[in-house]
file final.txt (compact mmCIF, C-alpha atoms)
# COMPACT_ATOMS: atom_id res chain seq x y z
CA MET A 1 72.95 76.08 168.78
CA GLU A 2 71.41 78.56 166.36
CA THR A 3 69.80 81.81 167.37
CA ARG A 4 66.06 82.32 167.68
CA ARG A 5 66.25 84.87 164.87
CA ARG A 6 67.85 82.34 162.50
CA SER A 7 65.23 79.73 163.41
CA MET A 8 62.47 82.27 162.74
CA VAL A 9 63.90 83.36 159.37
CA LYS A 10 64.25 79.73 158.28
CA ALA A 11 60.68 79.03 159.34
CA VAL A 12 59.27 82.07 157.52
CA VAL A 13 61.12 81.30 154.27
CA TRP A 14 60.11 77.64 154.40
CA ASN A 15 56.50 78.57 155.07
CA ALA A 16 56.44 81.12 152.25
CA ILE A 17 57.43 78.33 149.88
CA GLY A 18 54.78 76.10 151.43
CA LEU A 19 52.16 78.85 151.13
CA MET A 20 52.77 79.13 147.40
CA MET A 21 52.61 75.38 146.91
CA MET A 22 49.48 74.94 149.06
CA SER A 23 47.75 77.82 147.26
CA LEU A 24 48.35 76.05 143.97
CA VAL A 25 47.19 72.70 145.34
CA GLY A 26 44.12 74.33 146.92
CA PHE A 27 43.26 76.05 143.65
CA ILE A 28 43.63 72.82 141.69
CA ALA A 29 41.55 70.89 144.24
CA THR A 30 38.74 73.42 144.62
CA GLY A 31 38.84 75.48 141.44
CA SER A 32 38.69 78.61 143.60
CA MET A 33 41.69 80.78 144.34
CA ALA A 34 39.88 82.28 147.37
CA VAL A 35 39.15 78.90 148.98
CA GLY A 36 42.57 77.55 148.03
CA GLY A 37 44.22 80.64 149.50
CA LYS A 38 42.30 80.36 152.78
CA LEU A 39 43.27 76.71 153.13
CA ALA A 40 46.88 77.59 152.39
CA MET A 41 46.89 80.41 154.96
CA MET A 42 45.52 78.14 157.70
CA ASN A 43 48.07 75.47 156.82
CA THR A 44 50.90 78.01 156.82
CA ALA A 45 49.96 79.49 160.21
CA ILE A 46 49.80 76.05 161.82
CA GLY A 47 52.96 74.89 160.07
CA LEU A 48 54.95 77.97 161.04
CA CYS A 49 54.15 77.57 164.73
CA ALA A 50 54.87 73.84 164.67
CA TYR A 51 58.15 74.32 162.79
CA VAL A 52 59.50 76.96 165.19
CA VAL A 53 58.73 74.77 168.20
CA TYR A 54 60.22 71.71 166.44
CA GLU A 55 63.45 73.58 165.57
CA ARG A 56 63.87 74.97 169.08
CA VAL A 57 63.32 71.57 170.67
CA TRP A 58 65.90 69.93 168.40
CA ALA A 59 68.34 72.80 168.99
CA SER A 60 68.31 71.96 172.70
CA ILE A 61 68.89 68.21 172.25
CA ARG A 62 72.53 67.16 172.43
CA TRP A 63 72.01 63.65 171.04
CA GLY A 64 73.85 63.00 167.79
CA ARG A 65 76.06 66.07 167.96
CA HIS A 66 79.81 66.05 167.86
CA VAL A 67 81.19 68.88 169.93

call {"tool": "encode", "arguments": {"input": "final.txt", "output": "structure tokens"}}
result
Amino acid sequence: METRRRSMVKAVVWNAIGLMMMSLVGFIATGSMAVGGKLAMMNTAIGLCAYVVYERVWASIRWGRHV
């Protein structure tokens, strides 16, 4: 099982990448960097929380592991 710190670092890095991509998509869709950035920030906050919970749940499931 991985540590909580590792799960958090993975989540933050993944979400930083997602934030950049969503900002670009939001800008293209709306023509406004401010609106695109706000949409990206909301998406990132939700995604970060969901990802950390998802990773921790899977870390506790033994199915499919070879020990």

call {"tool": "closest_residue", "arguments": {"input": "final.txt", "among": "A:Val57, A:Leu48, A:Met21, A:Ala40", "to": "Glu2 in chain A", "atoms": "all atoms listed in the file"}}
result
A:Val57

call {"tool": "closest_residue", "arguments": {"input": "final.txt", "among": "A:Ala34, A:Val52, A:Ile61, A:Ala45", "to": "Lys10 in chain A", "atoms": "all atoms listed in the file"}}
result
A:Val52

call {"tool": "residues_around", "arguments": {"input": "final.txt", "residues": "Glu55 in chain A", "least_positions_apart": "2", "cutoff": "10 Å", "atoms": "all atoms listed in the file", "output": "number ranges by chain"}}
result
A: 2, 4, 7-8, 10-11, 50-53, 57-60

call {"tool": "residues_around", "arguments": {"input": "final.txt", "residues": "Met20 in chain A", "least_positions_apart": "2", "cutoff": "12 Å", "atoms": "all atoms listed in the file", "output": "list in words"}}
result
Val13, Trp14, Asn15, Ala16, Ile17, Gly18, Met22, Ser23, Leu24, Val25, Gly26, Phe27, Met33, Gly36, Gly37, Lys38, Leu39, Ala40, Met41, Asn43 and Thr44 of chain A

call {"tool": "write_last_selection", "arguments": {"input": "final.txt", "atoms": "C-alpha atoms", "output": "JSON list (two decimals), in the coordinates of the input"}}
result
[["chain", "number", "residue", "atom", "x", "y", "z"],
["A", 13, "VAL", "CA", 61.12, 81.30, 154.27],
["A", 14, "TRP", "CA", 60.11, 77.64, 154.40],
["A", 15, "ASN", "CA", 56.50, 78.57, 155.07],
["A", 16, "ALA", "CA", 56.44, 81.12, 152.25],
["A", 17, "ILE", "CA", 57.43, 78.33, 149.88],
["A", 18, "GLY", "CA", 54.78, 76.10, 151.43],
["A", 22, "MET", "CA", 49.48, 74.94, 149.06],
["A", 23, "SER", "CA", 47.75, 77.82, 147.26],
["A", 24, "LEU", "CA", 48.35, 76.05, 143.97],
["A", 25, "VAL", "CA", 47.19, 72.70, 145.34],
["A", 26, "GLY", "CA", 44.12, 74.33, 146.92],
["A", 27, "PHE", "CA", 43.26, 76.05, 143.65],
["A", 33, "MET", "CA", 41.69, 80.78, 144.34],
["A", 36, "GLY", "CA", 42.57, 77.55, 148.03],
["A", 37, "GLY", "CA", 44.22, 80.64, 149.50],
["A", 38, "LYS", "CA", 42.30, 80.36, 152.78],
["A", 39, "LEU", "CA", 43.27, 76.71, 153.13],
["A", 40, "ALA", "CA", 46.88, 77.59, 152.39],
["A", 41, "MET", "CA", 46.89, 80.41, 154.96],
["A", 43, "ASN", "CA", 48.07, 75.47, 156.82],
["A", 44, "THR", "CA", 50.90, 78.01, 156.82]]

call {"tool": "atom_distance", "arguments": {"input": "final.txt", "atom1": "CA of Trp63 in chain A", "atom2": "CA of Gly47 in chain A"}}
result
24.7 Å

call {"tool": "atom_distance", "arguments": {"input": "final.txt", "atom1": "CA of Leu19 in chain A", "atom2": "CA of Thr3 in chain A"}}
result
24.2 Å

call {"tool": "build_atoms", "arguments": {"input": "final.txt", "residues": "range 19-36 of chain A", "atoms": "N, CA, C and O atoms", "output": "PDB file, in the frame of the given file"}}
result
ATOM      1  N   LEU A  19      53.374  78.083 151.414  1.00  0.00           N
ATOM      2  CA  LEU A  19      52.160  78.850 151.130  1.00  0.00           C
ATOM      3  C   LEU A  19      51.889  78.886 149.627  1.00  0.00           C
ATOM      4  O   LEU A  19      50.761  78.663 149.186  1.00  0.00           O
ATOM      5  N   MET A  20      52.932  79.114 148.852  1.00  0.00           N
ATOM      6  CA  MET A  20      52.770  79.130 147.400  1.00  0.00           C
ATOM      7  C   MET A  20      52.322  77.770 146.878  1.00  0.00           C
ATOM      8  O   MET A  20      51.415  77.679 146.042  1.00  0.00           O
ATOM      9  N   MET A  21      52.948  76.731 147.375  1.00  0.00           N
ATOM     10  CA  MET A  21      52.610  75.380 146.910  1.00  0.00           C
ATOM     11  C   MET A  21      51.188  74.993 147.332  1.00  0.00           C
ATOM     12  O   MET A  21      50.426  74.432 146.543  1.00  0.00           O
ATOM     13  N   MET A  22      50.820  75.296 148.583  1.00  0.00           N
ATOM     14  CA  MET A  22      49.480  74.940 149.060  1.00  0.00           C
ATOM     15  C   MET A  22      48.405  75.762 148.360  1.00  0.00           C
ATOM     16  O   MET A  22      47.296  75.264 148.133  1.00  0.00           O
ATOM     17  N   SER A  23      48.713  77.009 148.014  1.00  0.00           N
ATOM     18  CA  SER A  23      47.750  77.820 147.260  1.00  0.00           C
ATOM     19  C   SER A  23      47.474  77.175 145.913  1.00  0.00           C
ATOM     20  O   SER A  23      46.319  77.080 145.471  1.00  0.00           O
ATOM     21  N   LEU A  24      48.512  76.714 145.256  1.00  0.00           N
ATOM     22  CA  LEU A  24      48.350  76.050 143.970  1.00  0.00           C
ATOM     23  C   LEU A  24      47.561  74.753 144.111  1.00  0.00           C
ATOM     24  O   LEU A  24      46.618  74.506 143.354  1.00  0.00           O
ATOM     25  N   VAL A  25      47.908  73.950 145.105  1.00  0.00           N
ATOM     26  CA  VAL A  25      47.190  72.700 145.340  1.00  0.00           C
ATOM     27  C   VAL A  25      45.727  72.977 145.689  1.00  0.00           C
ATOM     28  O   VAL A  25      44.815  72.318 145.184  1.00  0.00           O
ATOM     29  N   GLY A  26      45.493  73.966 146.540  1.00  0.00           N
ATOM     30  CA  GLY A  26      44.120  74.330 146.920  1.00  0.00           C
ATOM     31  C   GLY A  26      43.311  74.799 145.727  1.00  0.00           C
ATOM     32  O   GLY A  26      42.140  74.449 145.591  1.00  0.00           O
ATOM     33  N   PHE A  27      43.941  75.586 144.849  1.00  0.00           N
ATOM     34  CA  PHE A  27      43.260  76.050 143.650  1.00  0.00           C
ATOM     35  C   PHE A  27      42.919  74.879 142.725  1.00  0.00           C
ATOM     36  O   PHE A  27      41.800  74.782 142.222  1.00  0.00           O
ATOM     37  N   ILE A  28      43.870  73.988 142.539  1.00  0.00           N
ATOM     38  CA  ILE A  28      43.630  72.820 141.690  1.00  0.00           C
ATOM     39  C   ILE A  28      42.521  71.946 142.272  1.00  0.00           C
ATOM     40  O   ILE A  28      41.646  71.464 141.554  1.00  0.00           O
ATOM     41  N   ALA A  29      42.529  71.767 143.583  1.00  0.00           N
ATOM     42  CA  ALA A  29      41.550  70.890 144.240  1.00  0.00           C
ATOM     43  C   ALA A  29      40.151  71.480 144.270  1.00  0.00           C
ATOM     44  O   ALA A  29      39.168  70.745 144.159  1.00  0.00           O
ATOM     45  N   THR A  30      40.067  72.804 144.443  1.00  0.00           N
ATOM     46  CA  THR A  30      38.740  73.420 144.620  1.00  0.00           C
ATOM     47  C   THR A  30      38.276  74.224 143.409  1.00  0.00           C
ATOM     48  O   THR A  30      37.087  74.507 143.298  1.00  0.00           O
ATOM     49  N   GLY A  31      39.202  74.629 142.566  1.00  0.00           N
ATOM     50  CA  GLY A  31      38.840  75.480 141.440  1.00  0.00           C
ATOM     51  C   GLY A  31      38.643  76.933 141.844  1.00  0.00           C
ATOM     52  O   GLY A  31      38.268  77.762 141.032  1.00  0.00           O
ATOM     53  N   SER A  32      38.879  77.246 143.088  1.00  0.00           N
ATOM     54  CA  SER A  32      38.690  78.610 143.600  1.00  0.00           C
ATOM     55  C   SER A  32      39.983  79.093 144.245  1.00  0.00           C
ATOM     56  O   SER A  32      40.502  78.457 145.163  1.00  0.00           O
ATOM     57  N   MET A  33      40.478  80.229 143.751  1.00  0.00           N
ATOM     58  CA  MET A  33      41.690  80.780 144.340  1.00  0.00           C
ATOM     59  C   MET A  33      41.429  81.275 145.757  1.00  0.00           C
ATOM     60  O   MET A  33      42.292  81.160 146.621  1.00  0.00           O
ATOM     61  N   ALA A  34      40.213  81.789 146.032  1.00  0.00           N
ATOM     62  CA  ALA A  34      39.880  82.280 147.370  1.00  0.00           C
ATOM     63  C   ALA A  34      39.878  81.142 148.391  1.00  0.00           C
ATOM     64  O   ALA A  34      40.482  81.256 149.462  1.00  0.00           O
ATOM     65  N   VAL A  35      39.212  80.054 148.056  1.00  0.00           N
ATOM     66  CA  VAL A  35      39.150  78.900 148.980  1.00  0.00           C
ATOM     67  C   VAL A  35      40.533  78.276 149.111  1.00  0.00           C
ATOM     68  O   VAL A  35      40.990  77.966 150.213  1.00  0.00           O
ATOM     69  N   GLY A  36      41.213  78.104 147.993  1.00  0.00           N
ATOM     70  CA  GLY A  36      42.570  77.550 148.030  1.00  0.00           C
ATOM     71  C   GLY A  36      43.504  78.402 148.861  1.00  0.00           C
ATOM     72  O   GLY A  36      44.323  77.892 149.625  1.00  0.00           O
TER      73      GLY A  36
END
